[in-house]
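Coordinates as given in data-v3.cif (mmCIF, C-alpha atoms):
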data_upload
loop_
_atom_site.group_PDB
_atom_site.id
_atom_site.type_symbol
_atom_site.label_atom_id
_atom_site.label_comp_id
_atom_site.auth_asym_id
_atom_site.auth_seq_id
_atom_site.Cartn_x
_atom_site.Cartn_y
_atom_site.Cartn_z
ATOM 1 C CA MET C 257 15.817 -13.611 27.826
ATOM 2 C CA LEU C 258 14.784 -17.231 28.008
ATOM 3 C CA LEU C 259 16.995 -19.621 26.119
ATOM 4 C CA GLN C 260 15.902 -22.833 24.517
ATOM 5 C CA ALA C 261 17.939 -25.998 25.125
ATOM 6 C CA ASN C 262 20.023 -25.319 21.985
ATOM 7 C CA GLY C 263 20.988 -21.800 23.112
ATOM 8 C CA ILE C 264 18.617 -20.018 20.726
ATOM 9 C CA PRO C 265 16.507 -17.329 22.472
ATOM 10 C CA ASP C 266 12.834 -18.144 22.879
ATOM 11 C CA ASN C 267 11.160 -15.118 21.284
ATOM 12 C CA VAL C 268 8.415 -16.823 19.306
ATOM 13 C CA ALA C 269 5.844 -14.517 20.948
ATOM 14 C CA TYR C 270 7.312 -11.571 19.004
ATOM 15 C CA LEU C 271 7.024 -13.561 15.784
ATOM 16 C CA VAL C 272 3.344 -14.202 16.544
ATOM 17 C CA LEU C 273 2.888 -10.498 17.255
ATOM 18 C CA GLY C 274 4.557 -9.650 13.943
ATOM 19 C CA LEU C 275 2.249 -11.998 12.054
ATOM 20 C CA ALA C 276 -0.773 -10.545 13.863
ATOM 21 C CA VAL C 277 0.318 -7.071 12.754
ATOM 22 C CA LEU C 278 0.761 -8.295 9.177
ATOM 23 C CA PHE C 279 -2.775 -9.687 9.039
ATOM 24 C CA THR C 280 -4.189 -6.641 10.831
ATOM 25 C CA VAL C 281 -2.565 -4.162 8.440
ATOM 26 C CA LEU C 282 -3.468 -6.038 5.246
ATOM 27 C CA GLY C 283 -6.894 -7.040 6.609
ATOM 28 C CA GLY C 284 -7.521 -3.471 7.735
ATOM 29 C CA TRP C 285 -6.848 -2.125 4.257
ATOM 30 C CA LEU C 286 -9.015 -4.849 2.720
ATOM 31 C CA GLY C 287 -11.882 -4.058 5.107
ATOM 32 C CA SER C 288 -11.527 -0.345 4.354
ATOM 33 C CA TYR C 289 -11.545 -1.103 0.613
ATOM 34 C CA LEU C 290 -14.710 -3.219 0.829
ATOM 35 C CA TRP C 291 -16.451 -0.625 3.015
ATOM 36 C CA ARG C 292 -15.637 2.173 0.537
ATOM 37 C CA LEU C 293 -16.687 -0.008 -2.409
ATOM 38 C CA ARG C 294 -20.039 -0.821 -0.779
ATOM 39 C CA ASN C 295 -20.726 2.864 -0.033
ATOM 40 C CA LEU C 296 -19.819 3.930 -3.574
ATOM 41 C CA ARG C 297 -22.047 1.279 -5.122
ATOM 42 C CA ARG C 298 -24.924 2.350 -2.882
ATOM 43 C CA ASP C 299 -24.396 6.007 -3.809
ATOM 44 C CA MET C 300 -24.233 5.103 -7.486
ATOM 45 C CA ALA C 301 -27.521 3.137 -7.296
ATOM 46 C CA LEU C 302 -29.239 6.030 -5.504
ATOM 47 C CA LEU C 303 -27.965 8.613 -7.981
ATOM 48 C CA GLU C 304 -29.039 6.472 -10.934
ATOM 49 C CA GLN C 305 -32.507 6.159 -9.428
ATOM 50 C CA MET C 306 -32.681 9.932 -8.958
ATOM 51 C CA ALA C 307 -31.513 10.491 -12.527
ATOM 52 C CA GLU C 308 -34.180 8.101 -13.859
ATOM 53 C CA GLU C 309 -36.905 9.797 -11.799
ATOM 54 C CA ASP C 310 -35.800 13.194 -13.106
ATOM 55 C CA THR C 311 -35.878 11.930 -16.665
ATOM 56 C CA ALA C 312 -39.348 10.403 -16.179
ATOM 57 C CA ALA C 313 -40.653 13.622 -14.589
ATOM 58 C CA GLU C 314 -39.269 15.701 -17.464
ATOM 59 C CA ALA C 315 -40.910 13.383 -19.991
ATOM 60 C CA ALA C 316 -44.257 13.581 -18.171
ATOM 61 C CA ASP C 317 -44.057 17.386 -18.044
ATOM 62 C CA SER C 318 -43.225 17.515 -21.719
ATOM 63 C CA ALA C 319 -46.137 15.222 -22.605
ATOM 64 C CA ALA C 320 -48.550 17.221 -20.463
ATOM 65 C CA ALA C 321 -47.439 20.489 -22.062
ATOM 66 C CA HIS C 322 -47.789 18.977 -25.509
ATOM 67 C CA SER C 323 -51.344 17.687 -24.861
ATOM 68 C CA ALA C 324 -52.407 21.033 -23.345
ATOM 69 C CA GLN C 325 -51.559 22.920 -26.551
ATOM 70 C CA PRO C 326 -54.686 23.884 -28.634
ATOM 71 C CA THR C 327 -55.007 21.957 -31.864
ATOM 72 C CA MET B 545 -26.076 -3.677 -16.852
ATOM 73 C CA THR B 546 -26.707 -0.626 -14.741
ATOM 74 C CA GLN B 547 -23.968 1.875 -14.043
ATOM 75 C CA SER B 548 -23.985 1.003 -10.345
ATOM 76 C CA GLN B 549 -22.349 -2.282 -11.139
ATOM 77 C CA SER B 550 -18.607 -1.783 -11.556
ATOM 78 C CA PRO B 551 -17.179 -2.928 -14.881
ATOM 79 C CA THR B 552 -16.319 -6.606 -15.038
ATOM 80 C CA ARG B 553 -13.048 -7.449 -13.365
ATOM 81 C CA PRO B 554 -10.402 -8.117 -16.018
ATOM 82 C CA ARG B 555 -9.193 -11.691 -16.228
ATOM 83 C CA LEU B 556 -5.652 -10.518 -15.676
ATOM 84 C CA LEU B 557 -6.634 -8.930 -12.361
ATOM 85 C CA THR B 558 -8.455 -12.101 -11.292
ATOM 86 C CA GLY B 559 -5.386 -14.162 -12.191
ATOM 87 C CA LEU B 560 -3.110 -11.714 -10.387
ATOM 88 C CA THR B 561 -5.330 -11.909 -7.292
ATOM 89 C CA VAL B 562 -5.209 -15.706 -7.227
ATOM 90 C CA LEU B 563 -1.448 -15.605 -7.774
ATOM 91 C CA ALA B 564 -0.989 -13.053 -4.975
ATOM 92 C CA VAL B 565 -2.999 -15.141 -2.487
ATOM 93 C CA ILE B 566 -1.162 -18.363 -3.358
ATOM 94 C CA MET B 567 2.223 -16.642 -3.209
ATOM 95 C CA PHE B 568 1.340 -14.984 0.104
ATOM 96 C CA VAL B 569 0.457 -18.332 1.689
ATOM 97 C CA LEU B 570 3.601 -19.960 0.289
ATOM 98 C CA ALA B 571 5.825 -17.045 1.317
ATOM 99 C CA LEU B 572 4.553 -17.173 4.888
ATOM 100 C CA GLY B 573 4.899 -20.949 4.911
ATOM 101 C CA MET B 574 8.503 -20.685 3.717
ATOM 102 C CA ALA B 575 9.320 -18.009 6.294
ATOM 103 C CA LEU B 576 7.791 -20.049 9.118
ATOM 104 C CA PHE B 577 8.636 -23.640 8.230
ATOM 105 C CA TYR B 578 11.236 -23.779 5.459
ATOM 106 C CA ALA B 579 13.832 -21.163 6.391
ATOM 107 C CA PRO B 580 16.265 -22.342 9.069
ATOM 108 C CA THR B 581 16.105 -20.923 12.574
ATOM 109 C CA ASP B 582 18.754 -18.256 13.033
ATOM 110 C CA GLN B 583 20.755 -17.733 16.242
ATOM 111 C CA GLN B 584 18.463 -14.716 16.901
ATOM 112 C CA GLY B 585 15.553 -17.098 17.455
ATOM 113 C CA HIS B 586 12.197 -17.408 15.712
ATOM 114 C CA VAL B 587 11.600 -13.642 15.666
ATOM 115 C CA GLN B 588 14.169 -13.417 12.853
ATOM 116 C CA ARG B 589 11.564 -15.029 10.562
ATOM 117 C CA ILE B 590 9.700 -11.709 10.535
ATOM 118 C CA PHE B 591 12.631 -10.424 8.458
ATOM 119 C CA TYR B 592 11.269 -12.039 5.274
ATOM 120 C CA PRO B 593 7.933 -10.179 5.109
ATOM 121 C CA HIS B 594 9.628 -7.144 6.721
ATOM 122 C CA LEU B 595 12.017 -6.636 3.791
ATOM 123 C CA GLY B 596 9.476 -7.855 1.229
ATOM 124 C CA ALA B 597 6.952 -5.251 2.405
ATOM 125 C CA PHE B 598 9.544 -2.476 2.175
ATOM 126 C CA ILE B 599 10.434 -3.391 -1.405
ATOM 127 C CA GLY B 600 6.757 -3.754 -2.336
ATOM 128 C CA GLY B 601 6.109 -0.325 -0.805
ATOM 129 C CA ALA B 602 9.126 1.183 -2.552
ATOM 130 C CA LEU B 603 7.771 -0.138 -5.870
ATOM 131 C CA ALA B 604 4.423 1.527 -5.113
ATOM 132 C CA TYR B 605 6.156 4.839 -4.386
ATOM 133 C CA LEU B 606 8.205 4.501 -7.598
ATOM 134 C CA ILE B 607 4.975 3.928 -9.560
ATOM 135 C CA ALA B 608 3.505 6.998 -7.842
ATOM 136 C CA ALA B 609 6.528 9.108 -8.833
ATOM 137 C CA ILE B 610 6.423 7.930 -12.465
ATOM 138 C CA ALA B 611 2.643 8.463 -12.647
ATOM 139 C CA SER B 612 3.135 11.942 -11.198
ATOM 140 C CA VAL B 613 5.652 12.824 -13.913
ATOM 141 C CA LEU B 614 3.274 11.489 -16.569
ATOM 142 C CA TYR B 615 0.392 13.503 -15.091
ATOM 143 C CA LEU B 616 2.421 16.710 -15.274
ATOM 144 C CA ILE B 617 3.303 15.977 -18.911
ATOM 145 C CA LYS B 618 -0.037 14.699 -20.203
ATOM 146 C CA ARG B 619 -2.547 16.165 -17.660
ATOM 147 C CA ASP B 620 -4.557 12.954 -17.946
ATOM 148 C CA VAL B 621 -6.517 12.175 -14.793
ATOM 149 C CA LYS B 622 -5.718 8.449 -15.048
ATOM 150 C CA TRP B 623 -2.118 9.170 -14.012
ATOM 151 C CA ASP B 624 -3.316 11.158 -11.015
ATOM 152 C CA THR B 625 -5.537 8.210 -10.052
ATOM 153 C CA LEU B 626 -2.618 5.800 -10.372
ATOM 154 C CA ALA B 627 -0.348 8.019 -8.262
ATOM 155 C CA LEU B 628 -2.958 8.320 -5.500
ATOM 156 C CA SER B 629 -3.603 4.566 -5.513
ATOM 157 C CA ALA B 630 0.087 3.694 -5.423
ATOM 158 C CA VAL B 631 0.756 6.036 -2.507
ATOM 159 C CA GLU B 632 -2.047 4.477 -0.467
ATOM 160 C CA ILE B 633 -0.714 0.953 -1.046
ATOM 161 C CA GLY B 634 2.825 2.139 -0.363
ATOM 162 C CA LEU B 635 1.671 3.483 2.995
ATOM 163 C CA VAL B 636 0.069 0.139 3.882
ATOM 164 C CA LEU B 637 3.178 -1.876 3.012
ATOM 165 C CA THR B 638 5.779 0.464 4.495
ATOM 166 C CA GLY B 639 3.526 0.855 7.536
ATOM 167 C CA PHE B 640 3.821 -2.879 8.095
ATOM 168 C CA ASN B 641 7.569 -2.622 7.446
ATOM 169 C CA LEU B 642 7.910 -0.049 10.228
ATOM 170 C CA LEU B 643 5.752 -1.963 12.703
ATOM 171 C CA SER B 644 7.389 -5.325 12.029
ATOM 172 C CA GLY B 645 10.798 -3.675 12.410
ATOM 173 C CA MET B 646 9.781 -2.431 15.855
ATOM 174 C CA ILE B 647 8.589 -5.886 16.848
ATOM 175 C CA TRP B 648 11.819 -7.438 15.636
ATOM 176 C CA ALA B 649 13.902 -4.749 17.377
ATOM 177 C CA ARG B 650 12.411 -5.334 20.821
ATOM 178 C CA PRO B 651 14.061 -8.702 21.528
ATOM 179 C CA ILE B 652 17.193 -8.015 19.426
ATOM 180 C CA TRP B 653 18.013 -4.372 20.277
ATOM 181 C CA ASN B 654 16.111 -4.421 23.576
ATOM 182 C CA THR B 655 14.016 -1.449 22.507
ATOM 183 C CA TRP B 656 10.915 -0.894 20.371
ATOM 184 C CA TRP B 657 12.339 2.232 18.759
ATOM 185 C CA THR B 658 15.552 4.209 18.583
ATOM 186 C CA TRP B 659 16.302 7.416 16.668
ATOM 187 C CA ASP B 660 18.736 5.643 14.402
ATOM 188 C CA PRO B 661 19.370 7.202 10.941
ATOM 189 C CA ARG B 662 17.668 4.313 9.115
ATOM 190 C CA LEU B 663 14.650 4.124 11.390
ATOM 191 C CA THR B 664 14.238 7.887 11.443
ATOM 192 C CA SER B 665 14.445 8.186 7.668
ATOM 193 C CA ALA B 666 11.900 5.354 7.279
ATOM 194 C CA ALA B 667 9.532 7.140 9.662
ATOM 195 C CA VAL B 668 10.019 10.457 7.836
ATOM 196 C CA MET B 669 9.327 8.688 4.525
ATOM 197 C CA TRP B 670 6.065 7.237 5.854
ATOM 198 C CA LEU B 671 4.978 10.595 7.281
ATOM 199 C CA ALA B 672 5.872 12.358 4.007
ATOM 200 C CA TYR B 673 3.519 10.075 2.091
ATOM 201 C CA ALA B 674 0.809 10.341 4.766
ATOM 202 C CA ALA B 675 1.070 14.113 4.242
ATOM 203 C CA TYR B 676 0.542 13.513 0.496
ATOM 204 C CA LEU B 677 -2.967 12.205 1.234
ATOM 205 C CA MET B 678 -3.666 15.124 3.587
ATOM 206 C CA LEU B 679 -2.482 17.585 0.932
ATOM 207 C CA ARG B 680 -4.878 16.072 -1.578
ATOM 208 C CA ASN B 681 -7.794 16.274 0.832
ATOM 209 C CA GLY B 682 -7.009 19.922 1.505
ATOM 210 C CA LEU B 683 -7.373 21.044 -2.116
ATOM 211 C CA GLU B 684 -10.814 21.412 -3.702
ATOM 212 C CA ASP B 685 -9.953 22.209 -7.302
ATOM 213 C CA PRO B 686 -9.186 18.880 -9.081
ATOM 214 C CA ASP B 687 -6.648 20.356 -11.495
ATOM 215 C CA ARG B 688 -4.781 22.207 -8.761
ATOM 216 C CA ARG B 689 -4.931 19.124 -6.541
ATOM 217 C CA GLY B 690 -3.518 16.952 -9.301
ATOM 218 C CA ARG B 691 -0.644 19.344 -10.030
ATOM 219 C CA PHE B 692 0.307 19.881 -6.393
ATOM 220 C CA ALA B 693 0.076 16.168 -5.618
ATOM 221 C CA ALA B 694 2.177 15.278 -8.658
ATOM 222 C CA VAL B 695 4.984 17.658 -7.690
ATOM 223 C CA TYR B 696 4.800 16.444 -4.099
ATOM 224 C CA GLY B 697 4.789 12.795 -5.223
ATOM 225 C CA ILE B 698 7.985 13.323 -7.213
ATOM 226 C CA VAL B 699 9.784 15.187 -4.420
ATOM 227 C CA ALA B 700 8.649 12.675 -1.782
ATOM 228 C CA PHE B 701 10.336 9.851 -3.669
ATOM 229 C CA SER B 702 13.687 11.291 -2.564
ATOM 230 C CA SER B 703 12.782 10.051 0.946
ATOM 231 C CA VAL B 704 12.527 6.485 -0.429
ATOM 232 C CA LEU B 705 16.005 6.731 -1.987
ATOM 233 C CA PHE B 706 17.359 8.287 1.189
ATOM 234 C CA THR B 707 15.878 5.499 3.347
ATOM 235 C CA THR B 708 17.192 2.821 1.007
ATOM 236 C CA PHE B 709 20.771 4.081 0.848
ATOM 237 C CA ILE B 710 21.218 5.621 4.298
ATOM 238 C CA THR B 711 22.774 2.440 5.679
ATOM 239 C CA ARG B 712 25.456 2.643 2.968
ATOM 240 C CA VAL B 713 26.546 6.157 3.796
ATOM 241 C CA ARG B 714 26.039 6.384 7.568
ATOM 242 C CA PRO B 715 28.359 3.986 9.427
ATOM 243 C CA ASP B 716 26.767 4.911 12.767
ATOM 244 C CA THR B 717 23.445 3.202 12.035
ATOM 245 C CA ILE B 718 22.666 0.055 14.001
ATOM 246 C CA HIS B 719 20.374 -1.254 11.248
ATOM 247 C CA PRO B 720 22.052 -4.191 9.454
ATOM 248 C CA VAL B 721 22.026 -4.578 5.671
ATOM 249 C CA VAL B 722 21.277 -7.799 3.820
ATOM 250 C CA VAL B 723 23.515 -7.481 0.769
ATOM 251 C CA GLY B 724 27.086 -6.411 1.351
ATOM 252 C CA PRO B 725 28.902 -5.562 4.562
ATOM 253 C CA SER B 726 26.832 -4.157 7.428
ATOM 254 C CA PRO B 727 27.807 -0.818 9.016
ATOM 255 C CA GLN B 728 30.325 -1.157 11.828
ATOM 256 C CA ASN B 729 27.737 -0.425 14.529
ATOM 257 C CA ALA B 730 25.057 -2.713 13.060
ATOM 258 C CA GLN B 731 23.372 -5.041 15.530
ATOM 259 C CA GLY B 732 21.137 -7.995 14.795
ATOM 260 C CA GLY B 733 22.628 -8.833 11.426
ATOM 261 C CA PHE B 734 22.798 -12.394 10.169
ATOM 262 C CA ASN B 735 24.150 -14.326 7.262
ATOM 263 C CA VAL B 736 21.643 -14.943 4.451
ATOM 264 C CA GLU B 737 24.125 -16.728 2.255
ATOM 265 C CA ARG B 738 22.552 -20.070 3.061
ATOM 266 C CA GLY B 739 20.331 -21.455 0.288
ATOM 267 C CA ALA B 740 17.014 -21.805 2.090
ATOM 268 C CA MET B 741 17.225 -18.327 3.569
ATOM 269 C CA THR B 742 18.064 -16.732 0.220
ATOM 270 C CA LEU B 743 15.268 -18.608 -1.537
ATOM 271 C CA THR B 744 12.760 -17.617 1.150
ATOM 272 C CA LEU B 745 13.885 -13.992 0.979
ATOM 273 C CA VAL B 746 13.673 -13.793 -2.814
ATOM 274 C CA PHE B 747 10.251 -15.468 -2.820
ATOM 275 C CA ASN B 748 8.954 -13.085 -0.151
ATOM 276 C CA ILE B 749 10.217 -10.081 -2.118
ATOM 277 C CA LEU B 750 8.523 -11.348 -5.301
ATOM 278 C CA THR B 751 5.325 -12.009 -3.343
ATOM 279 C CA PHE B 752 5.134 -8.477 -1.979
ATOM 280 C CA LEU B 753 5.856 -7.043 -5.435
ATOM 281 C CA VAL B 754 2.880 -9.002 -6.801
ATOM 282 C CA ILE B 755 0.728 -7.972 -3.816
ATOM 283 C CA SER B 756 1.712 -4.336 -4.344
ATOM 284 C CA VAL B 757 0.728 -4.317 -8.028
ATOM 285 C CA THR B 758 -2.518 -6.218 -7.331
ATOM 286 C CA LEU B 759 -3.651 -3.896 -4.543
ATOM 287 C CA ILE B 760 -2.770 -0.802 -6.593
ATOM 288 C CA TRP B 761 -4.928 -2.112 -9.429
ATOM 289 C CA TYR B 762 -7.891 -2.651 -7.069
ATOM 290 C CA ARG B 763 -7.400 0.821 -5.616
ATOM 291 C CA VAL B 764 -7.355 2.347 -9.117
ATOM 292 C CA ARG B 765 -10.698 0.668 -9.870
ATOM 293 C CA LEU B 766 -12.134 2.017 -6.630
ATOM 294 C CA GLU B 767 -10.964 5.530 -7.471
ATOM 295 C CA ASN B 768 -12.442 5.272 -10.961
ATOM 296 C CA LEU B 769 -15.793 4.279 -9.436
ATOM 297 C CA SER B 770 -15.499 7.197 -7.018
ATOM 298 C CA ARG B 771 -14.922 9.606 -9.910
ATOM 299 C CA ARG B 772 -17.965 8.192 -11.759
ATOM 300 C CA VAL B 773 -20.107 8.703 -8.645
ATOM 301 C CA GLN B 774 -18.883 12.303 -8.338
ATOM 302 C CA ALA B 775 -19.643 12.986 -11.997
ATOM 303 C CA LEU B 776 -23.163 11.540 -11.709
ATOM 304 C CA LYS B 777 -23.785 13.453 -8.483
ATOM 305 C CA PHE B 778 -22.799 16.686 -10.226
ATOM 306 C CA LYS B 779 -25.078 15.839 -13.160
ATOM 307 C CA VAL B 780 -28.098 15.056 -10.952
ATOM 308 C CA LEU B 781 -27.653 18.032 -8.655
ATOM 309 C CA SER B 782 -27.128 20.488 -11.521
ATOM 310 C CA ARG B 783 -30.533 19.739 -13.044
#
Could you take the file, read its structure, and then write that structure out as structure tokens?
Amino acid sequence: MLLQANGIPDNVAYLVLGLAVLFTVLGGWLGSYLWRLRNLRRDMALLEQMAEEDTAAEAADSAAAHSAQPT
Amino acid sequence: MTQSQSPTRPRLLTGLTVLAVIMFVLALGMALFYAPTDQQGHVQRIFYPHLGAFIGGALAYLIAAIASVLYLIKRDVKWDTLALSAVEIGLVLTGFNLLSGMIWARPIWNTWWTWDPRLTSAAVMWLAYAAYLMLRNGLEDPDRRGRFAAVYGIVAFSSVLFTTFITRVRPDTIHPVVVGPSPQNAQGGFNVERGAMTLTLVFNILTFLVISVTLIWYRVRLENLSRRVQALKFKVLSR
């Protein structure tokens, strides 16, 4: 192993690798979190829209049935 | 406000996030620029986040074990959510602990990995918690999944205790310990009695504890949103 002038081994490359792993692991989880959050929000918006359309369709059906009844 | 928007982030979580980011920057700065260079060379600086991440991960696993006990007692889904979230964050932090240990070992032990008692038990611990997530995914019924996961989460915590104390009971490990005498075969140990090193170590441990709690909280919120989506999906599809 290479030694610096003061006798301490020159292994700074491993330190850089360690820091890269730290940022990759934490950044990877953060990216995964944001990706899952985005997908869930999109699903939620779609489901809410479907629920509203169902409610509107049910109301229209109910109104049509009510108006079709003989007075 | 529509339901698709997640509930407002609590102020405490916002404050915790800011604190975690500031502490993370300071902790790295202390490890890189404040702590003195050891005779091992600059790679020794990875020790500070290495140990901090293990303790942060161990806290997450402890939270998971406690939440699992509470789930079995109260059968409230919020404890199951907390246990799941804590295990995921524990895996992230102990995953970094394992990888950074390998990187540190290469120049000091001249190998990336050795089947040493401490390293093996740490790997088994990580795999045990990875299996926790697989177990959950393999069970459809939420109540059954919660019960099985809770029991597993409690039993799996024994691997954390085993990993923590193995260096105290196995003198043949080459993994050094920080507090107290190292095992007789330990290689790569160093003296942390010096002030700057101790301060850097303590600050890094505190930082990873804060990071652990903050990330668990975010993961809990994500899981709560996921459960709301599932409930709405069931409601829409059952019409």
Return as a PyMOL selection string the residues belonging to chain B that are within 10 Å of chain C, counting only C-alpha atoms.
-> chain B and resi 546-550+572+576+581-591+593-594+597+632-633+636-637+639-641+643-652+759+762-763+765-767+769-774+776-781+783
Determine, counting only C-alpha atoms, which protein, DNA and RNA residues have an atom within 10 Å of an atom of region 675-677 of chain B; residues of the same chain fewer than 6 positions away are not included. Present the result as a PyMOL selection string.
-> chain B and resi 628+631-632+669+692-694+696-697+700
Picked residues, the PyMOL selection byres ((chain B and resi 614) around 12), as a ChimeraX atom specification | /B:607-613,615-627,690-691,694-695,697-698
Determine the nearest neighbour of Ala575 (chain B) from the options B:Val699, B:Leu595, B:Ala667, B:Ala630, counting all atoms listed in the file.
-> B:Leu595
By how many Å are CA of Ile760 (chain B) and CA of Ser629 (chain B) apart?
-> 5.5 Å
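CA of Gly739 (chain B) to CA of Leu642 (chain B) spans 26.7 Å [interatomic distance, one decimal].
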Write out as a PyMOL selection string the residues lying within 6 Å of region 554-571 of chain B, counting all atoms listed in the file and excluding same-chain residues fewer than 4 positions away.
-> chain B and resi 748+751+754-755
Take the residues from that selection and write them out as a JSON list (two decimals), in the coordinates of the input, keeping C-alpha atoms.
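out.json written:
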[["chain", "number", "residue", "atom", "x", "y", "z"],
["B", 748, "ASN", "CA", 8.95, -13.08, -0.15],
["B", 751, "THR", "CA", 5.32, -12.01, -3.34],
["B", 754, "VAL", "CA", 2.88, -9.00, -6.80],
["B", 755, "ILE", "CA", 0.73, -7.97, -3.82]]
Distance cut-off 8 Å, centre (5.7, -2.3, -0.9) in file coordinates, counting all atoms listed in the file: which residues qualify? Return them as a PDB file with C-alpha atoms, in the frame of the given file.
ATOM      1  CA  GLY B 596       9.476  -7.855   1.229  1.00  0.00           C
ATOM      2  CA  ALA B 597       6.952  -5.251   2.405  1.00  0.00           C
ATOM      3  CA  PHE B 598       9.544  -2.476   2.175  1.00  0.00           C
ATOM      4  CA  ILE B 599      10.434  -3.391  -1.405  1.00  0.00           C
ATOM      5  CA  GLY B 600       6.757  -3.754  -2.336  1.00  0.00           C
ATOM      6  CA  GLY B 601       6.109  -0.325  -0.805  1.00  0.00           C
ATOM      7  CA  ALA B 602       9.126   1.183  -2.552  1.00  0.00           C
ATOM      8  CA  LEU B 603       7.771  -0.138  -5.870  1.00  0.00           C
ATOM      9  CA  ALA B 604       4.423   1.527  -5.113  1.00  0.00           C
ATOM     10  CA  TYR B 605       6.156   4.839  -4.386  1.00  0.00           C
ATOM     11  CA  ILE B 633      -0.714   0.953  -1.046  1.00  0.00           C
ATOM     12  CA  GLY B 634       2.825   2.139  -0.363  1.00  0.00           C
ATOM     13  CA  VAL B 636       0.069   0.139   3.882  1.00  0.00           C
ATOM     14  CA  LEU B 637       3.178  -1.876   3.012  1.00  0.00           C
ATOM     15  CA  THR B 638       5.779   0.464   4.495  1.00  0.00           C
ATOM     16  CA  PHE B 752       5.134  -8.477  -1.979  1.00  0.00           C
ATOM     17  CA  LEU B 753       5.856  -7.043  -5.435  1.00  0.00           C
ATOM     18  CA  SER B 756       1.712  -4.336  -4.344  1.00  0.00           C
TER      19      SER B 756
END
Pairwise distance for CA of Asp687 (chain B) and CA of Ala775 (chain B), rounded to one decimal in Å | 14.9 Å
From the list B:Leu683, B:Ala579, B:Val704, B:Met574, which residue is nearest Val668 (chain B) when using only C-alpha atoms?
->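 Comparing B:Leu683, B:Ala579, B:Val704, B:Met574 against Val668 (chain B), the winner is B:Val704.
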Would you kindly return, as a PDB file with C-alpha atoms, keeping the file's coordinate frame, each protein, DNA or RNA residue with an atom no farther than 9 Å from any atom of region 729-732 of chain B, considering only C-alpha atoms and excluding same-chain residues fewer than 6 positions away?
ATOM      1  CA  GLN B 584      18.463 -14.716  16.901  1.00  0.00           C
ATOM      2  CA  ALA B 649      13.902  -4.749  17.377  1.00  0.00           C
ATOM      3  CA  ILE B 652      17.193  -8.015  19.426  1.00  0.00           C
ATOM      4  CA  TRP B 653      18.013  -4.372  20.277  1.00  0.00           C
ATOM      5  CA  PRO B 715      28.359   3.986   9.427  1.00  0.00           C
ATOM      6  CA  ASP B 716      26.767   4.911  12.767  1.00  0.00           C
ATOM      7  CA  THR B 717      23.445   3.202  12.035  1.00  0.00           C
ATOM      8  CA  ILE B 718      22.666   0.055  14.001  1.00  0.00           C
ATOM      9  CA  HIS B 719      20.374  -1.254  11.248  1.00  0.00           C
ATOM     10  CA  PRO B 720      22.052  -4.191   9.454  1.00  0.00           C
ATOM     11  CA  VAL B 721      22.026  -4.578   5.671  1.00  0.00           C
TER      12      VAL B 721
END
Who sits within 8 Å of Arg662 (chain B), only C-alpha atoms, same chain under 3 positions skipped, as a ChimeraX atom specification = /B:665-666,707,710-711,717,719
Residues within 7 Å of (19.9, -11.9, 3.5), counting only C-alpha atoms, listed as a count of residues only | 8
